[in-house]
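Below you'll find the structure, written out as structure tokens, and then a few comments.
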Amino acid sequence: MSTAAVVDPERAAPVPVKTRRLALVASKGTLDGAYPPLILAATAVSLGWEVGIFFTFYGLDIIHKKRHRRLKVPALGNPAMPVPMPSLLGAMPGMTAVATGMMKRWMKRSRMPDVGQFLDIAREGGVRLFACSTTMGVMGVRAEDLVEGVDIAGATAFLDFAAAADVSLFV
Amino acid sequence: MNEIALDCRGLLCPLPVYQASRAINRLLPGQVLRVECTDPGSLADFPALARQRGLTLVSAEERDGVQMFRLRRELAA
């Protein structure tokens, strides 16, 4: 068995680790905004970490039964579109659908799970899904509107979880 | 069989690590998981996965754009 030079011996040595914890805040209700927290959560689960995600404001749509299937990529004010798009063009009707369809095709071509599949991965991995109760109140979202397996909680409960986190990120 | 093979060619982060982690969960002490990947990020990710899961990275090679990693679960200390 050969050991190639790409292995840095110091990094290759196994390190006994205590269970690490990742706390994420998902605040964006766009398709491109939903993927980063879900990918980070799936990765952390793979590393054997505990994970909790606080879905707040528009981020609550990621765990909304119906809306998580219809998340969109905004064309307006998005300078990272593949074809540089003048802002005024991005405001034209249908451009958001074009941008959304494009991202969905990229994801499919790359065999990337969709948002619903990432939520399944998260739940299988024991990720705690915190639904922000304030957002629910403000936006009129009911418990039955949300996907299975979420904890309705205020910021206090999430911060109590996050207080013991090794990594905390706001997405 | 003391070596388990996993084909993650064509998959992008986080899928190679996610698939590997599921195989790691079933890995017995002394067994080796051999993973083949094509996501260039895997070269950085698999040493990190080994560290985080407490496995030994036995080898890491790249040939013709395919990376191959061997991760071993050591006998319980």
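Each chain in the structure tokens gets a letter, A, B and so on, in the order shown; residues start at 1 in every chain, and ligands are counted from 1 in the order they appear.
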Task: Residue contacts of Val147 of chain A (6 Å, only C-alpha atoms) excluding same-chain residues fewer than 5 positions away, as a ChimeraX atom specification - done: /A:63-65
- [ ] Counting only C-alpha atoms, collect the residues of chain B whose closest atom lies at most 10 Å from chain A, and write them out as a PyMOL selection string.
- [x] chain B and resi 10-22+24-25+43-44+46-62+69-74
Export of prior selection with N, CA and C atoms as a tab-separated table (two decimals), in the first residue's frame:
chain	number	residue	atom	x	y	z
B	10	GLY	N	-17.95	11.77	-9.83
B	10	GLY	CA	-19.04	12.56	-10.40
B	10	GLY	C	-19.86	13.31	-9.38
B	11	LEU	N	-19.64	13.04	-8.10
B	11	LEU	CA	-20.41	13.72	-7.06
B	11	LEU	C	-19.65	14.93	-6.53
B	12	LEU	N	-20.39	15.96	-6.16
B	12	LEU	CA	-19.80	17.17	-5.61
B	12	LEU	C	-20.08	17.26	-4.11
B	13	CYS	N	-19.25	18.02	-3.41
B	13	CYS	CA	-19.44	18.29	-1.99
B	13	CYS	C	-20.87	18.76	-1.76
B	14	PRO	N	-21.58	18.25	-0.76
B	14	PRO	CA	-21.10	17.41	0.34
B	14	PRO	C	-21.32	15.92	0.11
B	15	LEU	N	-21.67	15.52	-1.11
B	15	LEU	CA	-22.12	14.14	-1.30
B	15	LEU	C	-21.03	13.09	-1.08
B	16	PRO	N	-19.78	13.29	-1.58
B	16	PRO	CA	-18.77	12.25	-1.30
B	16	PRO	C	-18.56	12.02	0.20
B	17	VAL	N	-18.48	13.11	0.94
B	17	VAL	CA	-18.27	12.99	2.38
B	17	VAL	C	-19.51	12.39	3.05
B	18	TYR	N	-20.69	12.78	2.56
B	18	TYR	CA	-21.92	12.25	3.13
B	18	TYR	C	-22.03	10.74	2.89
B	19	GLN	N	-21.76	10.33	1.63
B	19	GLN	CA	-21.80	8.89	1.32
B	19	GLN	C	-20.74	8.13	2.11
B	20	ALA	N	-19.56	8.73	2.21
B	20	ALA	CA	-18.49	8.08	2.96
B	20	ALA	C	-18.88	7.93	4.43
B	21	SER	N	-19.54	8.95	4.97
B	21	SER	CA	-19.88	8.89	6.40
B	21	SER	C	-20.85	7.75	6.68
B	22	ARG	N	-21.75	7.51	5.72
B	22	ARG	CA	-22.69	6.39	5.91
B	22	ARG	C	-21.95	5.06	5.89
B	24	ILE	N	-18.79	4.76	6.76
B	24	ILE	CA	-17.96	4.77	7.97
B	24	ILE	C	-18.78	4.27	9.16
B	25	ASN	N	-20.08	4.65	9.18
B	25	ASN	CA	-20.93	4.21	10.29
B	25	ASN	C	-21.00	2.69	10.39
B	43	LEU	N	-9.64	16.43	-2.07
B	43	LEU	CA	-8.25	16.33	-1.60
B	43	LEU	C	-8.08	17.03	-0.26
B	44	ALA	N	-8.82	18.10	-0.06
B	44	ALA	CA	-8.79	18.79	1.24
B	44	ALA	C	-9.79	18.18	2.21
B	46	PHE	N	-11.16	14.95	2.51
B	46	PHE	CA	-11.05	13.61	3.10
B	46	PHE	C	-10.06	13.52	4.27
B	47	PRO	N	-8.90	14.24	4.20
B	47	PRO	CA	-8.08	14.28	5.42
B	47	PRO	C	-8.85	14.87	6.60
B	48	ALA	N	-9.67	15.89	6.33
B	48	ALA	CA	-10.46	16.51	7.39
B	48	ALA	C	-11.53	15.55	7.91
B	49	LEU	N	-12.16	14.80	7.00
B	49	LEU	CA	-13.16	13.81	7.41
B	49	LEU	C	-12.51	12.76	8.31
B	50	ALA	N	-11.34	12.29	7.91
B	50	ALA	CA	-10.64	11.27	8.70
B	50	ALA	C	-10.36	11.80	10.11
B	51	ARG	N	-9.88	13.03	10.18
B	51	ARG	CA	-9.59	13.62	11.49
B	51	ARG	C	-10.85	13.73	12.34
B	52	GLN	N	-11.90	14.24	11.73
B	52	GLN	CA	-13.12	14.48	12.50
B	52	GLN	C	-13.79	13.18	12.93
B	53	ARG	N	-13.65	12.12	12.12
B	53	ARG	CA	-14.29	10.85	12.48
B	53	ARG	C	-13.34	9.93	13.22
B	54	GLY	N	-12.10	10.40	13.49
B	54	GLY	CA	-11.17	9.60	14.26
B	54	GLY	C	-10.66	8.38	13.50
B	55	LEU	N	-10.56	8.49	12.18
B	55	LEU	CA	-10.05	7.40	11.36
B	55	LEU	C	-8.63	7.73	10.90
B	56	THR	N	-7.89	6.71	10.52
B	56	THR	CA	-6.56	6.93	9.97
B	56	THR	C	-6.66	7.03	8.45
B	57	LEU	N	-6.09	8.11	7.91
B	57	LEU	CA	-6.01	8.24	6.45
B	57	LEU	C	-4.78	7.46	6.02
B	58	VAL	N	-5.02	6.26	5.50
B	58	VAL	CA	-3.93	5.36	5.17
B	58	VAL	C	-3.21	5.82	3.91
B	59	SER	N	-4.00	6.25	2.92
B	59	SER	CA	-3.39	6.73	1.68
B	59	SER	C	-4.30	7.71	0.98
B	60	ALA	N	-3.69	8.59	0.22
B	60	ALA	CA	-4.44	9.53	-0.63
B	60	ALA	C	-3.65	9.67	-1.92
B	61	GLU	N	-4.29	9.34	-3.00
B	61	GLU	CA	-3.60	9.39	-4.30
B	61	GLU	C	-4.48	10.08	-5.31
B	62	GLU	N	-3.84	10.68	-6.31
B	62	GLU	CA	-4.61	11.24	-7.42
B	62	GLU	C	-4.00	10.75	-8.72
B	69	PHE	N	-8.90	7.55	-1.76
B	69	PHE	CA	-8.55	7.65	-0.34
B	69	PHE	C	-8.82	6.33	0.34
B	70	ARG	N	-7.94	5.98	1.28
B	70	ARG	CA	-8.18	4.81	2.13
B	70	ARG	C	-8.24	5.28	3.58
B	71	LEU	N	-9.36	4.98	4.22
B	71	LEU	CA	-9.58	5.39	5.61
B	71	LEU	C	-9.75	4.13	6.45
B	72	ARG	N	-9.02	4.05	7.55
B	72	ARG	CA	-9.12	2.84	8.38
B	72	ARG	C	-9.65	3.17	9.77
B	73	ARG	N	-10.61	2.34	10.19
B	73	ARG	CA	-11.05	2.42	11.59
B	73	ARG	C	-10.09	1.56	12.39
B	74	GLU	N	-9.40	2.16	13.32
B	74	GLU	CA	-8.41	1.42	14.11
B	74	GLU	C	-9.13	0.53	15.12
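Residues within 7 Å of Leu129 of chain A, counting only C-alpha atoms and excluding same-chain residues fewer than 3 positions away, are Gly52, Ile53, Phe54, Val150 and Asp151 of chain A.
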- [ ] May I have the residues within 12 Å of Thr56 of chain A as a PyMOL selection string, using only C-alpha atoms and disregarding those fewer than 3 positions away in the same chain?
- [x] chain A and resi 24-29+34+53+59-64+129-139+141+152-155+158+170-171
Task: Given only C-alpha atoms as the counted atoms, nearest of B:Leu75, B:Cys8, B:Arg63, B:Met68 to Arg34 of chain B - done: B:Met68
